[in-house]
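target-v2.pdb follows (PDB, C-alpha atoms):
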```
ATOM      1  CA  MET J  20     107.121 -15.135  31.659
ATOM      2  CA  GLN J  21     107.583 -18.340  33.664
ATOM      3  CA  LYS J  22     110.284 -16.700  35.800
ATOM      4  CA  ALA J  23     108.142 -13.605  36.445
ATOM      5  CA  ILE J  24     105.229 -15.795  37.545
ATOM      6  CA  ARG J  25     107.471 -17.727  39.905
ATOM      7  CA  ILE J  26     108.893 -14.529  41.464
ATOM      8  CA  LEU J  27     105.434 -12.980  41.861
ATOM      9  CA  SER J  28     104.022 -16.156  43.370
ATOM     10  CA  LEU J  29     106.902 -16.409  45.843
ATOM     11  CA  THR J  30     106.510 -12.722  46.773
ATOM     12  CA  ALA J  31     102.785 -13.135  47.443
ATOM     13  CA  ASN J  32     103.266 -16.248  49.568
ATOM     14  CA  LEU J  33     106.080 -14.631  51.558
ATOM     15  CA  LEU J  34     103.938 -11.522  52.136
ATOM     16  CA  VAL J  35     101.071 -13.641  53.464
ATOM     17  CA  LEU J  36     103.361 -15.623  55.763
ATOM     18  CA  ALA J  37     105.204 -12.530  57.034
ATOM     19  CA  ASN J  38     101.871 -10.779  57.607
ATOM     20  CA  TYR J  39     100.501 -13.610  59.753
ATOM     21  CA  LEU J  40     103.760 -13.774  61.718
ATOM     22  CA  LEU J  41     103.915 -10.010  62.290
ATOM     23  CA  LEU J  42     100.231  -9.876  63.222
ATOM     24  CA  SER J  43     100.672 -12.641  65.808
ATOM     25  CA  ILE J  44     103.769 -11.023  67.350
ATOM     26  CA  SER J  45     102.154  -7.554  67.424
ATOM     27  CA  ALA J  46      98.874  -8.795  68.902
ATOM     28  CA  TYR J  47     100.797 -10.779  71.533
ATOM     29  CA  THR J  48     102.941  -7.742  72.436
ATOM     30  CA  ILE J  49      99.952  -5.391  72.687
ATOM     31  CA  LEU J  50      97.707  -7.773  74.603
ATOM     32  CA  THR J  51     100.341  -8.803  77.154
ATOM     33  CA  THR J  52     101.113  -5.134  77.839
ATOM     34  CA  PHE J  53      97.389  -4.444  78.265
ATOM     35  CA  MET J  54      97.014  -7.366  80.663
ATOM     36  CA  GLY J  55     100.030  -6.196  82.640
ATOM     37  CA  LEU J  56      98.672  -2.701  83.362
ATOM     38  CA  THR J  57      97.895  -2.223  87.039
ATOM     39  CA  PRO J  58      97.214   0.813  89.210
ATOM     40  CA  THR J  59     100.402   1.568  91.140
ATOM     41  CA  ASP J  60      98.727   1.454  94.534
ATOM     42  CA  GLY J  61      97.660  -2.156  93.908
ATOM     43  CA  ARG J  62      93.939  -1.404  94.052
ATOM     44  CA  GLU J  63      91.521  -2.760  91.471
ATOM     45  CA  GLN J  64      90.574   0.651  90.124
ATOM     46  CA  MET J  65      92.632   3.743  89.462
ATOM     47  CA  ASN J  66      92.027   6.329  92.142
ATOM     48  CA  ALA J  67      93.719   9.516  93.229
ATOM     49  CA  GLU J  68      93.613  11.187  96.582
ATOM     50  CA  ILE J  69      93.638  14.971  96.740
ATOM     51  CA  ASN J  70      96.133  16.198  99.300
ATOM     52  CA  PRO J  71      95.685  19.500 101.187
ATOM     53  CA  SER J  72      97.659  21.483  98.614
ATOM     54  CA  GLY J  73      95.358  20.282  95.817
ATOM     55  CA  ASP J  74      97.711  17.730  94.258
ATOM     56  CA  ALA J  75      96.103  14.582  92.934
ATOM     57  CA  VAL J  76      98.161  11.920  91.187
ATOM     58  CA  PHE J  77      96.940   8.974  89.120
ATOM     59  CA  SER J  78      99.574   6.391  88.336
ATOM     60  CA  LEU J  79      99.754   3.196  86.380
ATOM     61  CA  LYS J  80     102.409   0.472  86.418
ATOM     62  CA  MET J  81     103.173  -1.286  83.181
ATOM     63  CA  LYS J  82     105.369  -4.038  81.824
ATOM     64  CA  ASN J  83     106.024  -5.050  78.253
ATOM     65  CA  ASN J  84     106.010  -8.846  78.184
ATOM     66  CA  GLY J  85     105.907  -8.985  74.399
ATOM     67  CA  LEU J  86     108.564  -9.354  71.729
ATOM     68  CA  LEU J  87     108.487  -5.860  70.191
ATOM     69  CA  GLU J  88     108.902  -2.324  71.477
ATOM     70  CA  ASP J  89     105.596  -0.662  72.301
ATOM     71  CA  THR J  90     104.392   2.828  73.092
ATOM     72  CA  ILE J  91     101.674   3.571  75.607
ATOM     73  CA  ASN J  92      99.749   6.814  75.131
ATOM     74  CA  ALA J  93      97.352   7.703  77.910
ATOM     75  CA  SER J  94      95.340  10.595  79.208
ATOM     76  CA  ILE J  95      93.121  11.218  82.216
ATOM     77  CA  LYS J  96      90.153  13.582  82.060
ATOM     78  CA  ILE J  97      88.484  14.908  85.190
ATOM     79  CA  ALA J  98      85.043  16.053  84.094
ATOM     80  CA  PHE J  99      83.450  18.593  86.408
ATOM     81  CA  LYS J 100      79.965  19.783  85.458
ATOM     82  CA  ASP J 101      81.174  22.774  83.457
ATOM     83  CA  GLU J 102      84.904  22.176  83.178
ATOM     84  CA  VAL J 103      87.175  19.365  81.985
ATOM     85  CA  ILE J 104      90.823  19.084  83.037
ATOM     86  CA  GLU J 105      93.032  16.726  81.063
ATOM     87  CA  ARG J 106      96.554  15.409  81.493
ATOM     88  CA  GLY J 107      98.304  13.253  78.926
ATOM     89  CA  ASN J 108     101.467  11.226  79.044
ATOM     90  CA  TYR J 109     103.262   8.595  77.010
ATOM     91  CA  ILE J 110     105.984   6.069  77.515
ATOM     92  CA  THR J 111     107.981   3.710  75.304
ATOM     93  CA  LEU J 112     108.793   0.263  76.617
ATOM     94  CA  GLN J 113     111.338  -2.190  75.265
ATOM     95  CA  PRO J 114     110.562  -5.931  75.592
ATOM     96  CA  ASN J 115     110.648  -6.844  79.308
ATOM     97  CA  GLY J 116     110.774  -3.141  80.165
ATOM     98  CA  MET J 117     108.854  -1.822  83.170
ATOM     99  CA  ASP J 118     107.804   1.716  84.006
ATOM    100  CA  GLU J 119     105.153   3.912  85.532
ATOM    101  CA  LEU J 120     102.861   6.494  83.939
ATOM    102  CA  ARG J 121     101.888   9.418  86.165
ATOM    103  CA  PHE J 122      99.186  12.021  85.673
ATOM    104  CA  GLU J 123      99.609  14.935  88.038
ATOM    105  CA  PHE J 124      96.775  17.362  88.670
ATOM    106  CA  ASN J 125      96.901  20.475  90.762
ATOM    107  CA  LEU J 126      93.387  21.412  91.755
ATOM    108  CA  THR J 127      92.399  24.872  92.928
ATOM    109  CA  GLN J 128      90.603  25.290  96.258
ATOM    110  CA  GLU J 129      87.359  25.811  94.378
ATOM    111  CA  GLN J 130      87.857  22.577  92.418
ATOM    112  CA  ILE J 131      88.671  20.694  95.632
ATOM    113  CA  VAL J 132      85.403  21.827  97.166
ATOM    114  CA  ARG J 133      83.482  20.843  94.048
ATOM    115  CA  ALA J 134      85.223  17.465  93.849
ATOM    116  CA  THR J 135      84.391  16.793  97.490
ATOM    117  CA  SER J 136      80.750  17.815  97.317
ATOM    118  CA  ASN J 137      79.993  16.359  93.894
ATOM    119  CA  PRO J 138      82.608  13.813  92.703
ATOM    120  CA  PRO J 139      83.381  14.350  89.008
ATOM    121  CA  LYS J 140      83.612  11.594  86.404
ATOM    122  CA  VAL J 141      87.186  10.513  85.705
ATOM    123  CA  LEU J 142      87.828   9.082  82.242
ATOM    124  CA  MET J 143      90.964   7.377  81.050
ATOM    125  CA  THR J 144      92.016   6.926  77.411
ATOM    126  CA  LEU J 145      94.746   4.384  76.869
ATOM    127  CA  GLU J 146      96.438   3.314  73.640
ATOM    128  CA  VAL J 147      99.068   0.615  73.280
ATOM    129  CA  LYS J 148     100.828   0.785  69.920
ATOM    130  CA  THR J 149     103.585  -1.244  68.357
ATOM    131  CA  LEU J 150     105.454  -1.427  65.023
ATOM    132  CA  LYS J 151     106.335   2.284  65.384
ATOM    133  CA  GLY J 152     102.679   3.166  65.882
ATOM    134  CA  LEU J 153     101.364   1.242  62.873
ATOM    135  CA  ALA J 154      99.220  -1.169  64.899
ATOM    136  CA  GLY J 155      97.501  -0.724  68.195
ATOM    137  CA  ILE J 156      94.636  -1.210  70.590
ATOM    138  CA  GLY J 157      93.024   1.511  72.642
ATOM    139  CA  LEU J 158      90.285   1.883  75.177
ATOM    140  CA  GLU J 159      88.362   4.639  76.842
ATOM    141  CA  THR J 160      86.809   3.915  80.202
ATOM    142  CA  GLU J 161      85.695   5.459  83.442
ATOM    143  CA  VAL J 162      88.194   4.915  86.260
ATOM    144  CA  GLY J 163      87.819   4.924  90.036
ATOM    145  CA  GLY J 164      87.766   8.650  90.574
ATOM    146  CA  ILE J 165      89.209  11.133  93.023
ATOM    147  CA  THR J 166      88.682  11.174  96.735
ATOM    148  CA  SER J 167      89.642  13.893  99.123
ATOM    149  CA  ASN J 168      92.028  13.393 101.972
ATOM    150  CA  GLU J 169      90.379  13.807 105.394
ATOM    151  CA  ASN J 170      92.649  16.757 106.127
ATOM    152  CA  VAL J 171      91.481  18.747 103.096
TER     153      VAL J 171
ATOM    154  CA  MET M  20      99.819 -37.320  43.890
ATOM    155  CA  LYS M  21      97.533 -34.554  42.603
ATOM    156  CA  MET M  22      94.520 -36.238  44.181
ATOM    157  CA  PHE M  23      96.343 -36.545  47.513
ATOM    158  CA  LYS M  24      97.314 -32.838  47.396
ATOM    159  CA  ALA M  25      93.702 -31.880  46.605
ATOM    160  CA  LEU M  26      92.217 -33.975  49.399
ATOM    161  CA  ALA M  27      94.839 -32.935  51.971
ATOM    162  CA  GLY M  28      94.257 -29.234  51.243
ATOM    163  CA  ALA M  29      90.481 -29.639  51.342
ATOM    164  CA  GLY M  30      90.736 -31.544  54.626
ATOM    165  CA  LEU M  31      92.835 -28.750  56.115
ATOM    166  CA  TYR M  32      90.234 -26.119  55.141
ATOM    167  CA  LEU M  33      87.480 -28.223  56.708
ATOM    168  CA  ILE M  34      89.416 -28.761  59.936
ATOM    169  CA  VAL M  35      90.327 -25.067  60.332
ATOM    170  CA  LEU M  36      86.975 -23.563  59.312
ATOM    171  CA  ALA M  37      84.319 -26.200  59.991
ATOM    172  CA  VAL M  38      85.603 -28.386  62.833
ATOM    173  CA  LEU M  39      87.850 -26.097  64.909
ATOM    174  CA  PRO M  40      85.365 -23.202  65.465
ATOM    175  CA  ARG M  41      82.698 -25.682  66.644
ATOM    176  CA  ALA M  42      85.189 -27.373  68.982
ATOM    177  CA  VAL M  43      86.184 -23.970  70.423
ATOM    178  CA  VAL M  44      82.533 -22.940  70.916
ATOM    179  CA  ASN M  45      81.768 -26.243  72.686
ATOM    180  CA  ASN M  46      84.607 -25.654  75.143
ATOM    181  CA  VAL M  47      83.952 -21.992  75.946
ATOM    182  CA  PRO M  48      81.868 -21.293  79.099
ATOM    183  CA  PRO M  49      78.251 -20.222  78.271
ATOM    184  CA  GLU M  50      78.631 -16.870  80.075
ATOM    185  CA  VAL M  51      81.522 -15.915  77.753
ATOM    186  CA  LEU M  52      79.482 -16.993  74.708
ATOM    187  CA  ASN M  53      76.591 -14.789  75.840
ATOM    188  CA  GLN M  54      78.958 -11.793  75.868
ATOM    189  CA  LEU M  55      80.001 -12.553  72.285
ATOM    190  CA  GLY M  56      76.486 -12.066  70.921
ATOM    191  CA  SER M  57      75.621 -13.692  67.587
ATOM    192  CA  TRP M  58      78.389 -16.313  67.509
ATOM    193  CA  GLU M  59      76.122 -19.027  66.056
ATOM    194  CA  GLY M  60      75.785 -17.159  62.748
ATOM    195  CA  VAL M  61      79.560 -16.654  62.565
ATOM    196  CA  VAL M  62      80.286 -20.353  63.162
ATOM    197  CA  THR M  63      77.690 -21.408  60.556
ATOM    198  CA  ASN M  64      79.133 -18.958  58.008
ATOM    199  CA  LEU M  65      82.648 -20.250  58.662
ATOM    200  CA  THR M  66      81.472 -23.838  58.160
ATOM    201  CA  ILE M  67      79.850 -22.901  54.824
ATOM    202  CA  LEU M  68      83.008 -21.033  53.745
ATOM    203  CA  GLY M  69      85.105 -24.039  54.812
ATOM    204  CA  PHE M  70      83.112 -26.351  52.525
ATOM    205  CA  MET M  71      83.279 -23.808  49.678
ATOM    206  CA  LEU M  72      87.058 -23.439  50.042
ATOM    207  CA  ALA M  73      87.496 -27.229  50.155
ATOM    208  CA  ALA M  74      85.482 -27.644  46.924
ATOM    209  CA  LEU M  75      87.355 -24.779  45.222
ATOM    210  CA  HIS M  76      90.726 -26.195  46.292
ATOM    211  CA  ILE M  77      89.873 -29.599  44.821
ATOM    212  CA  THR M  78      88.691 -27.945  41.576
ATOM    213  CA  LYS M  79      91.834 -25.801  41.373
ATOM    214  CA  THR M  80      94.210 -28.702  42.002
ATOM    215  CA  LEU M  81      92.554 -31.222  39.707
ATOM    216  CA  THR M  82      91.842 -29.018  36.668
ATOM    217  CA  PRO M  83      94.626 -28.108  34.199
ATOM    218  CA  LYS M  84      95.988 -24.554  34.420
ATOM    219  CA  ASN M  85      94.712 -23.627  30.957
ATOM    220  CA  ASN M  86      91.134 -24.408  31.977
ATOM    221  CA  PRO M  87      88.998 -21.294  32.749
ATOM    222  CA  LEU M  88      87.498 -23.226  35.677
ATOM    223  CA  ASN M  89      90.966 -23.403  37.237
ATOM    224  CA  LEU M  90      91.378 -19.625  36.966
ATOM    225  CA  LEU M  91      87.890 -19.016  38.374
ATOM    226  CA  ALA M  92      88.478 -21.395  41.304
ATOM    227  CA  ALA M  93      91.864 -19.772  42.076
ATOM    228  CA  VAL M  94      90.451 -16.225  42.065
ATOM    229  CA  ILE M  95      87.357 -17.080  44.162
ATOM    230  CA  LEU M  96      89.555 -19.048  46.588
ATOM    231  CA  ASP M  97      91.793 -15.985  47.081
ATOM    232  CA  LEU M  98      88.792 -13.668  47.485
ATOM    233  CA  ILE M  99      87.193 -15.893  50.149
ATOM    234  CA  GLU M 100      90.487 -16.249  52.053
ATOM    235  CA  LEU M 101      90.922 -12.467  51.991
ATOM    236  CA  TYR M 102      87.306 -12.022  53.153
ATOM    237  CA  ILE M 103      87.882 -14.344  56.133
ATOM    238  CA  PHE M 104      91.086 -12.492  57.109
ATOM    239  CA  LEU M 105      89.367  -9.080  56.905
ATOM    240  CA  PHE M 106      86.376 -10.479  58.834
ATOM    241  CA  PHE M 107      88.563 -11.540  61.752
ATOM    242  CA  ILE M 108      90.828  -8.504  61.754
ATOM    243  CA  GLY M 109      87.768  -6.211  61.639
ATOM    244  CA  PHE M 110      85.956  -8.127  64.413
ATOM    245  CA  GLY M 111      83.127  -9.038  62.061
ATOM    246  CA  ASP M 112      83.141  -5.842  59.998
ATOM    247  CA  VAL M 113      84.908  -6.540  56.697
ATOM    248  CA  THR M 114      84.539  -2.961  55.429
ATOM    249  CA  SER M 115      86.419  -1.530  58.438
ATOM    250  CA  LEU M 116      89.686  -2.855  56.901
ATOM    251  CA  GLY M 117      91.236  -3.410  60.315
ATOM    252  CA  LYS M 118      90.180  -0.217  62.122
ATOM    253  CA  VAL M 119      87.400  -0.889  64.616
ATOM    254  CA  GLU M 120      85.683   1.030  67.410
ATOM    255  CA  LYS M 121      83.365  -0.909  69.694
ATOM    256  CA  GLN M 122      81.341   0.015  72.756
ATOM    257  CA  ILE M 123      81.393  -2.762  75.353
ATOM    258  CA  ASN M 124      78.960  -2.696  78.255
ATOM    259  CA  MET M 125      80.627  -4.270  81.265
ATOM    260  CA  THR M 126      80.539  -2.991  84.857
ATOM    261  CA  ALA M 127      81.714   0.321  83.379
ATOM    262  CA  ASN M 128      81.179   1.478  79.811
ATOM    263  CA  VAL M 129      84.297   0.750  77.794
ATOM    264  CA  LYS M 130      85.036   1.958  74.275
ATOM    265  CA  MET M 131      87.538  -0.280  72.466
ATOM    266  CA  MET M 132      89.575   0.871  69.477
ATOM    267  CA  LEU M 133      91.573  -1.517  67.319
ATOM    268  CA  ASP M 134      93.926  -0.408  64.581
ATOM    269  CA  PHE M 135      95.293  -3.267  62.487
ATOM    270  CA  ARG M 136      94.976  -1.495  59.122
ATOM    271  CA  ILE M 137      98.583  -2.216  58.152
ATOM    272  CA  PHE M 138      97.935  -5.985  58.188
ATOM    273  CA  ALA M 139      94.743  -5.581  56.151
ATOM    274  CA  GLN M 140      96.659  -3.495  53.577
ATOM    275  CA  ILE M 141      99.530  -6.003  53.315
ATOM    276  CA  MET M 142      97.054  -8.874  52.937
ATOM    277  CA  ILE M 143      95.074  -7.073  50.211
ATOM    278  CA  ALA M 144      98.341  -6.404  48.323
ATOM    279  CA  ALA M 145      99.402 -10.055  48.674
ATOM    280  CA  PHE M 146      96.071 -11.371  47.426
ATOM    281  CA  ILE M 147      96.039  -8.974  44.479
ATOM    282  CA  ILE M 148      99.485 -10.362  43.512
ATOM    283  CA  LYS M 149      98.145 -13.928  43.971
ATOM    284  CA  MET M 150      95.220 -13.195  41.640
ATOM    285  CA  ILE M 151      97.550 -11.619  39.052
ATOM    286  CA  VAL M 152      99.689 -14.788  39.260
ATOM    287  CA  SER M 153      96.614 -16.953  38.598
ATOM    288  CA  VAL M 154      95.713 -14.867  35.529
ATOM    289  CA  LEU M 155      99.314 -14.910  34.221
ATOM    290  CA  GLU M 156      99.531 -18.693  34.709
ATOM    291  CA  TYR M 157      96.299 -19.108  32.753
ATOM    292  CA  ILE M 158      97.530 -16.840  29.904
ATOM    293  CA  ASN M 159     100.900 -18.598  29.861
ATOM    294  CA  GLU M 160      99.323 -22.057  29.622
ATOM    295  CA  LYS M 161      96.946 -20.872  26.883
ATOM    296  CA  LYS M 162      99.922 -19.441  24.923
ATOM    297  CA  LYS M 163     101.825 -22.716  25.304
ATOM    298  CA  GLN M 164      98.800 -24.604  23.991
ATOM    299  CA  ALA M 165      98.447 -22.260  20.985
ATOM    300  CA  THR M 166     102.129 -22.465  20.003
ATOM    301  CA  PRO M 167     102.678 -25.416  17.586
ATOM    302  CA  LYS M 168     105.386 -27.793  18.738
ATOM    303  CA  VAL M 169     108.470 -27.833  16.508
ATOM    304  CA  VAL M 170     109.607 -31.401  15.822
TER     305      VAL M 170
END
```
Now that the file is in, can you turn its structure into structure tokens?
Amino acid sequence: MQKAIRILSLTANLLVLANYLLLSISAYTILTTFMGLTPTDGREQMNAEINPSGDAVFSLKMKNNGLLEDTINASIKIAFKDEVIERGNYITLQPNGMDELRFEFNLTQEQIVRATSNPPKVLMTLEVKTLKGLAGIGLETEVGGITSNENV
Amino acid sequence: MKMFKALAGAGLYLIVLAVLPRAVVNNVPPEVLNQLGSWEGVVTNLTILGFMLAALHITKTLTPKNNPLNLLAAVILDLIELYIFLFFIGFGDVTSLGKVEKQINMTANVKMMLDFRIFAQIMIAAFIIKMIVSVLEYINEKKKQATPKVV
């Protein structure tokens, strides 16, 4: 009985300690990755410019400054009045790894005209997960939007 | 030695839960505090819990293990510690068990999602084991007391 109590007590204390340690490392990894996300063009907000052929690209630079591997899941939604176009992408980053997430849209001529006359809302959903997806933080926010190139 | 252990533990609870949150709040800029909403209630609750944990720790350390008061103090102590962990991991919502969705109104509307359920689950498991240990220790001590000593 005494031995069982000692083993159980040790197990519980180790679980608590390991949990606090893992929580700190995970939160640090996720938050530093979140802080390190920047639009590739260096602007404050994420924007995309529609080129004459209808291509519009949103891109995001990211760096994992944490101690664990993390996965970034993201999607961009362009919400026209009666139509929503969505592109999703994901990337896995090792500690100190750097990469870029791209969301490529190919708008039709009709969509280009609508985007120019009445700019649609552009929403981004972003999730940073670690511990093989067991813990994570996500956010959904409106981003800069799309602007048309003067030549369009 | 027991008295020192009791007072040291109680002091630690008071520093972490009663003194530290107030020191943090006093050093945070007012505009950040305004964003946090009802922080005053949270700090007051933490102070009360700090005093409760300190009193329970002293009771647990100074009473013998075969005393029902010791068992009660140990179980309530574990429950309060678990409550505080779930409170922080759920950003104030204990019942969320580590999965939170919050709407934040900044320059743009932002919806935040936090998923720390795994840590809440591990902590609940650990505290259940801790409570079982407290009960087993109590039963064990009671058994020892009931068994006549062979001379």
Exactly which residues make up the result of the ChimeraX specification (/M :<7) & /J on this file, given as an NGL selection string?
:J and (24 or 27-28 or 31 or 34-35 or 38 or 42 or 153-161)
Decode the PyMOL selection byres ((chain J and resi 145-150) around 8) for the given file into explicit residues and return them as an MDAnalysis selection string.
chainID J and resid 45 48:49 52:53 87:94 143:144 151:159
Taking the file above as input, evaluate the PyMOL selection byres ((chain J and resi 121-135) around 12) and report the hits as a ChimeraX atom specification.
/J:58-60,65-81,92-110,118-120,136-141,143,164-171
The distance between atom CA of M:Lys162 and atom CA of M:Leu81 is 20.3 Å
Between atom CA of M:Asn45 and atom CA of M:Leu65 - distance in Å to one decimal:
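Between atom CA of M:Leu65 and atom CA of M:Asn45 the gap works out to 15.3 Å.
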Go ahead and fit an axis-aligned box to every listed atom of stretch 52-55 of chain J plus 4 Å each side, and pass me the centre and edge lengths in Å, one decimal, as JSON.
```
{"center_x": 99.1, "center_y": -5.9, "center_z": 80.2, "size_x": 12.1, "size_y": 10.9, "size_z": 12.8}
```
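For the set M:Thr80, M:Asn64, M:Asn46, M:Ser57, the residue with the smallest atom-to-atom gap to M:Gly28 is M:Thr80, counting only C-alpha atoms.
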May I ask for the distance between atom CA of J:Gln113 and atom CA of J:Ile44, given in Å to one decimal place?
14.1 Å
